[in-house]
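Quick look at target.tsv (TSV, C-alpha atoms):
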chain	number	residue	atom	x	y	z
B	1	MET	CA	112.58	109.51	117.25
B	2	ASN	CA	113.32	107.05	114.52
B	3	LEU	CA	111.27	105.37	111.84
B	4	SER	CA	112.04	101.83	112.95
B	5	ASN	CA	110.75	102.42	116.50
B	6	GLY	CA	107.70	104.23	115.16
B	7	LEU	CA	106.76	101.36	112.88
B	8	LEU	CA	107.47	98.80	115.59
B	9	ASN	CA	105.22	100.61	118.06
B	10	LEU	CA	102.51	101.04	115.41
B	11	THR	CA	102.63	97.31	114.63
B	12	ASN	CA	102.56	96.37	118.32
B	13	TRP	CA	99.64	98.71	118.98
B	14	LEU	CA	97.64	97.38	116.05
B	15	GLY	CA	98.43	93.72	116.71
B	16	ASN	CA	98.28	93.64	120.52
B	17	VAL	CA	95.77	96.37	121.39
B	18	ILE	CA	93.43	97.13	118.50
B	19	MET	CA	92.99	93.68	116.99
B	20	PRO	CA	92.10	91.88	120.27
B	21	THR	CA	89.55	94.66	120.83
B	22	MET	CA	88.19	94.25	117.32
B	23	ALA	CA	87.79	90.54	118.04
B	24	GLY	CA	84.77	91.40	120.19
B	25	LEU	CA	83.20	93.32	117.33
B	26	PHE	CA	83.85	90.51	114.87
B	27	ALA	CA	82.35	87.99	117.31
B	28	ALA	CA	79.26	90.17	117.80
B	29	ALA	CA	78.84	90.51	114.04
B	30	ALA	CA	79.21	86.73	113.69
B	31	VAL	CA	76.44	86.14	116.26
B	32	TYR	CA	74.18	88.65	114.47
B	33	ARG	CA	74.72	87.04	111.06
B	34	PHE	CA	74.19	83.59	112.58
B	35	SER	CA	70.88	84.74	114.06
B	36	LYS	CA	69.72	85.82	110.59
B	37	GLY	CA	70.78	82.52	109.03
B	38	HIS	CA	73.54	84.24	106.99
B	39	PRO	CA	77.10	82.93	106.53
B	40	TYR	CA	78.98	83.84	109.68
B	41	SER	CA	82.00	81.57	109.83
B	42	HIS	CA	84.49	84.05	108.31
B	43	LEU	CA	83.67	86.55	111.07
B	44	GLY	CA	84.19	83.87	113.72
B	45	TYR	CA	87.55	82.95	112.21
B	46	ALA	CA	88.44	86.67	111.93
B	47	ALA	CA	87.67	87.11	115.65
B	48	LEU	CA	89.93	84.18	116.51
B	49	ALA	CA	92.68	85.45	114.18
B	50	SER	CA	92.40	88.93	115.73
B	51	LEU	CA	93.24	87.42	119.11
B	52	MET	CA	96.42	85.85	117.76
B	53	CYS	CA	98.04	88.45	115.51
B	54	SER	CA	101.39	88.01	117.27
B	55	GLY	CA	101.14	84.25	116.98
B	56	LEU	CA	100.37	84.44	113.27
B	57	LEU	CA	103.37	86.74	112.75
B	58	ARG	CA	105.57	84.34	114.73
B	59	ALA	CA	104.24	81.53	112.52
B	60	MET	CA	105.18	83.46	109.39
B	61	GLU	CA	108.60	84.23	110.85
B	62	SER	CA	109.15	80.55	111.55
B	63	PHE	CA	108.05	79.72	107.98
B	64	SER	CA	110.58	82.15	106.56
B	65	ASN	CA	113.36	81.21	108.99
B	66	GLN	CA	113.65	77.69	107.57
B	67	ALA	CA	116.56	78.89	105.41
B	68	ALA	CA	119.37	81.43	105.83
B	69	TRP	CA	118.64	85.09	105.07
B	70	ASN	CA	120.73	84.98	101.90
B	71	ASN	CA	119.49	81.62	100.64
B	72	PRO	CA	117.85	82.17	97.22
B	73	ASP	CA	115.39	79.37	98.01
B	74	ARG	CA	114.24	81.04	101.23
B	75	TYR	CA	110.96	82.42	99.81
B	76	TRP	CA	110.11	79.15	98.10
B	77	ILE	CA	110.88	77.23	101.30
B	78	SER	CA	108.73	79.62	103.34
B	79	VAL	CA	105.79	79.18	100.93
B	80	LEU	CA	106.40	75.42	100.97
B	81	THR	CA	106.36	75.43	104.78
B	82	LEU	CA	103.12	77.41	104.70
B	83	VAL	CA	101.60	74.84	102.35
B	84	ASN	CA	102.82	72.00	104.59
B	85	TRP	CA	101.34	73.72	107.64
B	86	VAL	CA	98.00	74.18	105.87
B	87	GLY	CA	98.03	70.59	104.62
B	88	ASN	CA	99.29	68.85	107.74
B	89	VAL	CA	97.91	71.00	110.56
B	90	LEU	CA	94.97	73.09	109.41
B	91	LEU	CA	93.26	70.62	107.08
B	92	PRO	CA	93.18	67.74	109.60
B	93	LEU	CA	91.61	70.12	112.13
B	94	TYR	CA	89.15	71.29	109.49
B	95	GLY	CA	88.44	67.67	108.62
B	96	ALA	CA	87.62	66.91	112.26
B	97	GLY	CA	85.17	69.81	112.20
B	98	GLN	CA	83.59	68.39	109.05
B	99	VAL	CA	83.09	65.03	110.81
B	100	VAL	CA	81.29	66.82	113.64
B	101	LEU	CA	79.15	68.68	111.09
B	102	ALA	CA	78.38	65.41	109.31
B	103	VAL	CA	77.07	63.93	112.57
B	104	ALA	CA	75.07	67.11	113.26
B	105	HIS	CA	73.60	67.02	109.75
B	106	PHE	CA	72.77	63.32	110.08
B	107	ALA	CA	71.01	64.04	113.37
B	108	GLY	CA	68.98	66.76	111.63
B	109	LEU	CA	70.22	69.48	114.01
B	110	LEU	CA	71.42	71.83	111.28
B	111	GLU	CA	68.10	71.54	109.42
B	112	ARG	CA	66.47	73.15	112.44
B	113	MET	CA	68.85	76.12	112.09
B	114	THR	CA	67.65	77.09	108.60
B	115	ILE	CA	65.36	79.99	107.71
B	116	GLY	CA	62.28	77.77	107.58
B	117	GLU	CA	62.65	76.21	111.00
B	118	ALA	CA	64.71	78.60	113.06
B	119	TRP	CA	63.99	77.88	116.70
B	120	VAL	CA	67.34	76.15	117.43
B	121	ARG	CA	69.22	78.93	115.64
B	122	ASN	CA	67.33	81.57	117.61
B	123	LEU	CA	68.00	79.73	120.84
B	124	ILE	CA	71.72	79.40	120.14
B	125	SER	CA	71.87	83.06	119.01
B	126	ALA	CA	70.26	84.17	122.26
B	127	MET	CA	72.74	82.08	124.26
B	128	CYS	CA	75.65	83.58	122.30
B	129	CYS	CA	74.29	87.12	122.77
B	130	PHE	CA	74.09	86.62	126.52
B	131	SER	CA	77.54	85.08	126.72
B	132	LEU	CA	79.64	87.01	124.20
B	133	SER	CA	82.19	87.99	126.84
B	134	GLY	CA	82.44	84.37	127.87
B	135	LEU	CA	82.92	83.31	124.26
B	136	LEU	CA	85.73	85.84	123.90
B	137	ARG	CA	87.33	84.65	127.12
B	138	LEU	CA	87.06	81.11	125.74
B	139	GLY	CA	88.83	82.24	122.54
B	140	GLU	CA	91.53	83.97	124.61
B	141	PHE	CA	91.90	80.81	126.71
B	142	TRP	CA	92.45	78.76	123.55
B	143	VAL	CA	94.96	81.26	122.19
B	144	GLN	CA	96.87	81.44	125.49
B	145	HIS	CA	97.04	77.67	125.77
B	146	GLY	CA	97.96	77.46	122.10
B	147	THR	CA	101.18	79.38	122.76
B	148	GLY	CA	102.57	76.23	124.37
B	149	GLY	CA	102.10	74.34	121.13
B	150	VAL	CA	100.20	71.13	120.44
B	151	ARG	CA	101.04	68.39	122.96
G	1	MET	CA	145.22	129.64	91.50
G	2	THR	CA	144.27	131.21	94.79
G	3	LEU	CA	140.54	131.83	95.12
G	4	PRO	CA	139.30	135.11	96.55
G	5	GLN	CA	138.34	134.87	100.22
G	6	ILE	CA	134.65	135.56	99.55
G	7	ILE	CA	134.49	132.62	97.10
G	8	VAL	CA	136.20	130.35	99.65
G	9	ASP	CA	133.75	131.53	102.30
G	10	LEU	CA	130.75	130.90	100.01
G	11	LEU	CA	132.03	127.42	99.15
G	12	THR	CA	132.51	126.64	102.85
G	13	LEU	CA	129.02	127.99	103.50
G	14	LEU	CA	127.54	125.66	100.88
G	15	PHE	CA	129.39	122.65	102.29
G	16	ASN	CA	128.27	123.50	105.82
G	17	LEU	CA	124.65	123.82	104.70
G	18	ALA	CA	124.62	120.33	103.21
G	19	VAL	CA	123.29	118.60	106.36
G	20	PRO	CA	120.49	121.12	107.07
G	21	SER	CA	119.57	120.92	103.38
G	22	ALA	CA	119.46	117.12	103.67
G	23	ILE	CA	116.90	117.48	106.47
G	24	CYS	CA	114.80	119.71	104.18
G	25	THR	CA	115.00	117.22	101.30
G	26	MET	CA	113.97	114.41	103.67
G	27	VAL	CA	110.90	116.45	104.68
G	28	LEU	CA	110.07	116.83	100.99
G	29	ALA	CA	110.61	113.06	100.62
G	30	GLY	CA	108.07	112.46	103.40
G	31	ILE	CA	105.50	114.63	101.65
G	32	ALA	CA	106.23	112.87	98.35
G	33	LEU	CA	105.84	109.50	100.11
G	34	ARG	CA	102.25	110.35	101.02
G	35	GLN	CA	101.58	111.65	97.50
G	36	GLU	CA	102.83	108.38	96.04
G	37	GLY	CA	100.69	106.17	98.26
G	38	GLY	CA	102.17	106.25	101.76
G	39	VAL	CA	102.88	102.53	101.94
G	40	ASN	CA	104.55	102.42	98.52
G	41	PHE	CA	106.58	104.65	96.23
G	42	GLN	CA	106.84	105.26	92.51
G	43	THR	CA	109.98	104.06	90.77
G	44	GLY	CA	111.79	107.21	89.66
G	45	GLY	CA	109.22	109.26	91.52
G	46	LYS	CA	109.65	112.28	93.77
G	47	PHE	CA	110.23	110.21	96.94
G	48	GLN	CA	113.19	108.38	95.42
G	49	ARG	CA	114.59	111.61	94.01
G	50	TRP	CA	114.40	113.52	97.30
G	51	VAL	CA	115.98	110.64	99.23
G	52	LEU	CA	118.73	110.45	96.60
G	53	TRP	CA	119.35	114.19	97.00
G	54	SER	CA	119.54	113.72	100.78
G	55	VAL	CA	122.16	111.01	100.32
G	56	ILE	CA	124.12	113.16	97.87
G	57	LEU	CA	124.03	116.14	100.24
G	58	LEU	CA	125.16	114.01	103.19
G	59	THR	CA	128.07	112.57	101.21
G	60	LEU	CA	129.00	115.66	99.24
G	61	PRO	CA	132.66	115.87	100.37
G	62	GLN	CA	133.19	112.16	99.67
G	63	LEU	CA	131.45	112.44	96.27
G	64	LEU	CA	133.67	115.36	95.32
G	65	SER	CA	136.73	113.40	96.43
G	66	TRP	CA	135.85	110.82	93.75
G	67	PHE	CA	135.98	113.58	91.12
G	68	ALA	CA	139.25	114.80	92.62
G	69	ALA	CA	140.63	111.27	92.31
G	70	GLN	CA	139.89	111.45	88.56
G	71	GLY	CA	142.18	114.46	88.30
G	72	ILE	CA	139.51	117.15	88.35
G	73	THR	CA	140.52	120.11	90.50
G	74	MET	CA	138.13	120.52	93.40
G	75	PRO	CA	137.88	123.43	95.84
G	76	ALA	CA	139.51	122.93	99.20
G	77	GLN	CA	137.12	121.87	101.96
G	78	GLY	CA	137.13	122.52	105.64
G	79	GLY	CA	138.24	125.55	107.54
G	80	GLY	CA	136.16	128.32	109.00
G	81	ILE	CA	134.29	131.14	107.31
G	82	GLY	CA	136.30	134.36	107.38
G	83	SER	CA	133.49	136.77	106.60
G	84	ALA	CA	131.16	137.55	109.50
G	85	TRP	CA	128.31	138.23	107.09
G	86	VAL	CA	128.63	134.81	105.39
G	87	ALA	CA	128.98	133.15	108.82
G	88	SER	CA	125.76	134.81	109.91
G	89	LEU	CA	124.07	133.40	106.79
G	90	GLN	CA	125.08	129.90	107.86
G	91	THR	CA	123.92	130.47	111.42
G	92	SER	CA	120.59	131.83	110.20
G	93	PHE	CA	119.90	128.95	107.81
G	94	SER	CA	120.96	126.27	110.33
G	95	GLY	CA	118.86	127.95	113.00
G	96	PHE	CA	115.88	128.13	110.63
G	97	VAL	CA	116.13	124.40	109.87
G	98	SER	CA	116.53	123.34	113.52
G	99	ASN	CA	114.18	125.86	115.16
G	100	VAL	CA	111.48	126.20	112.52
G	101	VAL	CA	111.56	123.17	110.22
G	102	VAL	CA	112.52	120.43	112.70
G	103	ALA	CA	110.97	121.83	115.87
G	104	LYS	CA	107.74	123.31	114.49
G	105	LEU	CA	107.01	122.47	110.86
G	106	ILE	CA	107.68	118.72	110.89
G	107	PRO	CA	105.36	117.95	113.87
G	108	LEU	CA	102.73	120.12	112.20
G	109	LEU	CA	103.02	118.26	108.90
G	110	ALA	CA	102.84	114.93	110.78
G	111	ALA	CA	99.76	116.16	112.63
G	112	PHE	CA	98.12	116.97	109.30
G	113	CYS	CA	98.97	113.43	108.19
G	114	VAL	CA	97.03	112.12	111.21
G	115	LEU	CA	94.11	114.36	110.21
G	116	LYS	CA	94.38	113.00	106.67
G	117	ALA	CA	94.38	109.45	108.07
G	118	ALA	CA	91.11	110.13	109.89
G	119	LEU	CA	89.57	111.61	106.74
G	120	ASP	CA	90.86	108.69	104.65
G	121	ALA	CA	89.21	106.28	107.07
G	122	ALA	CA	85.98	108.28	106.88
G	123	GLU	CA	86.04	107.77	103.11
G	124	GLY	CA	86.49	104.04	103.57
G	125	GLN	CA	90.17	104.05	102.61
G	126	SER	CA	93.08	102.70	104.64
G	127	PRO	CA	94.44	105.24	107.15
G	128	LEU	CA	97.79	103.44	107.19
G	129	ALA	CA	99.24	105.42	104.27
G	130	SER	CA	98.97	108.76	106.09
G	131	ILE	CA	100.05	107.27	109.42
G	132	ILE	CA	103.25	105.86	107.92
G	133	ALA	CA	103.98	109.14	106.11
G	134	GLY	CA	103.45	110.92	109.45
G	135	LEU	CA	105.87	108.55	111.19
G	136	PHE	CA	108.40	109.13	108.40
G	137	LEU	CA	108.10	112.90	108.83
G	138	LEU	CA	108.38	112.76	112.63
G	139	SER	CA	111.54	110.69	112.37
G	140	VAL	CA	113.28	112.83	109.73
G	141	SER	CA	116.01	114.20	112.01
G	142	GLY	CA	116.63	110.73	113.47
G	143	THR	CA	116.75	109.25	109.98
G	144	VAL	CA	119.28	111.87	108.85
G	145	GLN	CA	121.46	111.04	111.89
G	146	LEU	CA	121.16	107.36	111.04
G	147	MET	CA	122.14	108.07	107.43
G	148	GLN	CA	125.15	110.08	108.60
G	149	SER	CA	126.27	107.04	110.60
G	150	TRP	CA	126.21	105.08	107.32
G	151	ASN	CA	128.78	107.43	105.73
G	152	SER	CA	131.74	105.20	104.98
G	153	GLY	CA	134.00	108.18	104.29
G	154	SER	CA	135.29	106.62	101.08
G	155	GLU	CA	134.98	107.94	97.54
G	156	PHE	CA	132.00	105.64	97.16
G	157	ALA	CA	130.21	106.90	100.26
G	158	THR	CA	127.12	107.85	98.23
G	159	THR	CA	126.53	104.34	96.94
G	160	ASP	CA	127.62	102.87	100.29
G	161	MET	CA	124.94	104.95	102.00
G	162	LEU	CA	122.32	103.77	99.50
G	163	THR	CA	123.42	100.17	100.14
G	164	SER	CA	123.06	100.72	103.89
G	165	ALA	CA	119.59	102.19	103.29
G	166	TRP	CA	118.62	99.04	101.38
G	167	ASN	CA	119.96	96.86	104.21
G	168	PHE	CA	118.02	98.93	106.75
G	169	LEU	CA	114.83	98.57	104.73
G	170	ALA	CA	115.28	94.85	104.11
G	171	GLY	CA	116.52	93.93	107.57
G	172	THR	CA	114.63	96.26	109.91
G	173	ILE	CA	111.67	98.03	108.31
G	174	LEU	CA	110.19	95.24	106.18
G	175	PRO	CA	110.07	92.60	108.97
G	176	GLU	CA	108.07	95.16	110.98
G	177	ALA	CA	105.85	95.72	107.94
G	178	ALA	CA	105.12	91.97	107.96
G	179	GLY	CA	103.18	92.51	111.20
G	180	LEU	CA	101.12	95.21	109.51
G	181	ALA	CA	100.50	92.82	106.60
G	182	ILE	CA	99.08	90.23	109.04
G	183	VAL	CA	96.72	92.82	110.56
G	184	GLY	CA	95.65	93.92	107.08
G	185	ALA	CA	95.09	90.31	105.99
G	186	ILE	CA	92.77	89.67	108.97
G	187	PHE	CA	90.81	92.86	108.27
G	188	ASN	CA	90.49	91.97	104.58
G	189	TYR	CA	89.40	88.42	105.46
G	190	ALA	CA	86.67	89.74	107.77
G	191	ARG	CA	85.47	92.12	105.06
G	192	HIS	CA	85.47	89.53	102.23
G	193	ARG	CA	88.34	91.29	100.46
G	194	PRO	CA	91.43	89.60	98.98
G	195	PHE	CA	93.77	88.67	101.81
G	196	MET	CA	96.17	86.22	100.19
G	197	PRO	CA	98.24	89.02	98.56
G	198	LEU	CA	98.95	90.33	102.06
G	199	VAL	CA	99.90	86.87	103.35
G	200	GLY	CA	102.24	86.36	100.37
G	201	SER	CA	103.75	89.82	100.69
G	202	GLY	CA	104.14	89.34	104.46
G	203	LEU	CA	106.24	86.26	103.78
G	204	ALA	CA	108.14	88.24	101.13
G	205	PHE	CA	108.81	91.07	103.61
G	206	LEU	CA	110.46	88.52	105.89
G	207	SER	CA	112.71	87.19	103.14
G	208	VAL	CA	113.32	90.11	100.78
G	209	SER	CA	117.12	89.72	100.98
G	210	ALA	CA	116.76	86.11	99.89
G	211	ILE	CA	114.52	87.16	96.99
G	212	TRP	CA	117.25	89.61	95.97
G	213	GLN	CA	119.76	86.72	96.07
G	214	LEU	CA	117.32	84.65	94.00
G	215	VAL	CA	117.01	87.37	91.35
G	216	GLN	CA	120.80	87.73	91.28
G	217	ALA	CA	121.15	83.95	90.84
G	218	MET	CA	118.60	84.03	88.02
G	219	ALA	CA	120.44	86.86	86.27
G	220	GLY	CA	123.89	85.37	86.88
As structure tokens, what does this structure read like?
Amino acid sequence: MNLSNGLLNLTNWLGNVIMPTMAGLFAAAAVYRFSKGHPYSHLGYAALASLMCSGLLRAMESFSNQAAWNNPDRYWISVLTLVNWVGNVLLPLYGAGQVVLAVAHFAGLLERMTIGEAWVRNLISAMCCFSLSGLLRLGEFWVQHGTGGVR
Amino acid sequence: MTLPQIIVDLLTLLFNLAVPSAICTMVLAGIALRQEGGVNFQTGGKFQRWVLWSVILLTLPQLLSWFAAQGITMPAQGGGIGSAWVASLQTSFSGFVSNVVVAKLIPLLAAFCVLKAALDAAEGQSPLASIIAGLFLLSVSGTVQLMQSWNSGSEFATTDMLTSAWNFLAGTILPEAAGLAIVGAIFNYARHRPFMPLVGSGLAFLSVSAIWQLVQAMAG
């Protein structure tokens, strides 16, 4: 037995076994909070992130591998790459989501999901409750297809 | 001056007990690791001290050769133990360490760490600290073998071994810890707790050698 193997196996077990399982719990909690009209998006994102622990670690490794191991600027370059990734990849995707939300708001859909008028929210919650496994499979499908990169 | 045979035997006994003693000090280091946080250690704390003693014990002949090189007379090393009684002492202690400490006590201590992890989780604390201390304890004999392979055999074997330990931490253990940092960041994000420190430290784990170079460049 050695410490390195022990830690490696612990990390693999947490990242590849426990976290994908926890994704289901996070998704269920997100649906519940959505049904009550509470903020739920962080739980949805957490469920998605739980499905791609390995991918996130690979992303961080690629951020830090931009410079040689003994390059004093390596940490700065890795943080810079992280900032670039957030600015050039994540924010445009988030912006596209905001455009969709703007259209939904303009159409008045989201007003029908508030506490006062909740029938759309209740309907969507019921659909999510009945199809949680399908939603998780959808998340897994996205993650699996994301391993090939953006084309 | 010729030393009496019993003194020579006792000195040989002490040298031969260095490796089993190193295993014992590594067990104490594992216990100290949990006391000091499990995923962290105190600077100048018990964990560091016990690991340092392990390194000193594993490089005792080389360390003494440095003193000998300064002109200080050192006892002769090597050779067998003449006295049957002293030889039986060595056999007993080595057998105790391998049959009791390594085979029985260490798995038991690690099992108690798992119990502690479950109780920590029940109190709402992270179970990771006890799990990592348990892994450290379970791997003590393997770690001592690894440390022995780092013995350069030179007069500076003690510091060479510490340098190798740093390289092992920076190059092998910390990149694995980056994966744990990602898992912790996701959990903290889901629970509305600070997660950016874990993202930043995960990146730092992957480039700790470069940060060391950066600090050296700043100081130089």
Per residue of chain G within 7 Å of chain B, record the nearest atom pair and its distance in Å to one decimal, counting all atoms listed in the file, with rows in chain order and ascending residue number, as CSV.
residue,atom,partner,partner_atom,distance
G:Leu135,CA,B:Gly6,CA,6.1
G:Phe136,CA,B:Leu3,CA,5.8
G:Ser139,CA,B:Asn2,CA,4.6
G:Gly142,CA,B:Asn2,CA,5.1
G:Thr143,CA,B:Asn2,CA,6.1
G:Thr172,CA,B:Ser4,CA,6.9
G:Ile173,CA,B:Ser4,CA,6.0
G:Glu176,CA,B:Leu8,CA,5.9
G:Gly179,CA,B:Thr11,CA,5.9
G:Leu180,CA,B:Thr11,CA,5.7
G:Ile182,CA,B:Leu57,CA,6.7
G:Val183,CA,B:Gly15,CA,6.4
G:Ile186,CA,B:Ala46,CA,6.0
G:Tyr189,CA,B:Ala46,CA,6.8
G:Ala190,CA,B:Ala46,CA,5.5
G:Leu203,CA,B:Met60,CA,6.4
G:Ala204,CA,B:Tyr75,CA,6.6
G:Leu206,CA,B:Ser64,CA,6.4
G:Ser207,CA,B:Tyr75,CA,6.1
G:Ser209,CA,B:Asn70,CA,6.0
G:Ala210,CA,B:Asn70,CA,4.6
G:Ile211,CA,B:Pro72,CA,6.0
G:Gln213,CA,B:Pro72,CA,5.1
G:Leu214,CA,B:Pro72,CA,4.1
Residue with smallest distance to Cys24 of chain G - pool G:Ser94, G:Thr2, G:Ser154, G:Thr12, counting all atoms listed in the file: G:Ser94
Contacts between segment 97-118 of chain B and segment 16-81 of chain B, please, where a residue of segment 16-81 of chain B counts if it comes within 10 Å (with all atoms listed in the file); show its shortest atom pair and distance in Å to one decimal, rows by chain and ascending number, as JSON lines.
{"residue": "B:Phe34", "atom": "CA", "partner": "B:Met113", "partner_atom": "CA", "distance": 9.2}
{"residue": "B:Ser35", "atom": "CA", "partner": "B:Ala118", "partner_atom": "CA", "distance": 8.8}
{"residue": "B:Lys36", "atom": "CA", "partner": "B:Ile115", "partner_atom": "CA", "distance": 7.8}
{"residue": "B:Gly37", "atom": "CA", "partner": "B:Ile115", "partner_atom": "CA", "distance": 6.1}
{"residue": "B:His38", "atom": "CA", "partner": "B:Ile115", "partner_atom": "CA", "distance": 9.2}
Would you save the residues of that selection, restricted to C-alpha atoms, as an mmCIF file, keeping the file's coordinate frame?
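Listed below is the output, selection_30.cif:
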data_model
loop_
_atom_site.group_PDB
_atom_site.id
_atom_site.type_symbol
_atom_site.label_atom_id
_atom_site.label_comp_id
_atom_site.auth_asym_id
_atom_site.auth_seq_id
_atom_site.Cartn_x
_atom_site.Cartn_y
_atom_site.Cartn_z
ATOM 1 C CA PHE B 34 74.190 83.590 112.580
ATOM 2 C CA SER B 35 70.880 84.740 114.060
ATOM 3 C CA LYS B 36 69.720 85.820 110.590
ATOM 4 C CA GLY B 37 70.780 82.520 109.030
ATOM 5 C CA HIS B 38 73.540 84.240 106.990
#
Shortest interatomic distance to Ser83 of chain G - which of G:Val55, G:Val39, G:Ile6, G:Gly220, counting all atoms listed in the file: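 Result for the nearest residue to Ser83 of chain G: G:Ile6.
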Leu146 of chain G surroundings by only C-alpha atoms, 10 Å radius, close-in-sequence under 5 positions cut, as a list in words: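 The filter keeps Asn2 of chain B; Val140, Ser141, Asn151, Ser164, Ala165 and Phe168 of chain G.
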Distance of atom CA of Ala133 of chain G from atom CA of Ala110 of chain G, expressed in Å to one decimal place: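 Separation of atom CA of Ala110 of chain G and atom CA of Ala133 of chain G: 7.5 Å.
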d(atom CA of Ala87 of chain G, atom CA of Asp9 of chain G) in Å: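 According to the coordinates, atom CA of Ala87 of chain G and atom CA of Asp9 of chain G are separated by 8.2 Å.
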Please report, as JSON, the centre and edge lengths in Å to one decimal of an axis-aligned box covering all listed atoms of segment 38-41 of chain G with 5 Å per side.
{"center_x": 104.4, "center_y": 104.3, "center_z": 99.1, "size_x": 14.4, "size_y": 13.8, "size_z": 15.7}
Residue list as an NGL selection string for point (96.5, 82.1, 123.1), cut-off 12 Å, all atoms listed in the file: :B and (16 or 20 or 48-56 or 136-150)
Computed interatomic separation between atom CA of Ser65 of chain G and atom CA of Thr158 of chain G (Å): 11.2 Å
Pick from B:Gly24, B:Ala59, B:Phe130, B:Pro39, whichever lies nearest to Trp85 of chain B using all atoms listed in the file: B:Ala59
Selected residue of minimal separation from Ser98 of chain G among G:Pro4, G:Pro20, G:Gly184, G:Gly200, counting only C-alpha atoms: G:Pro20
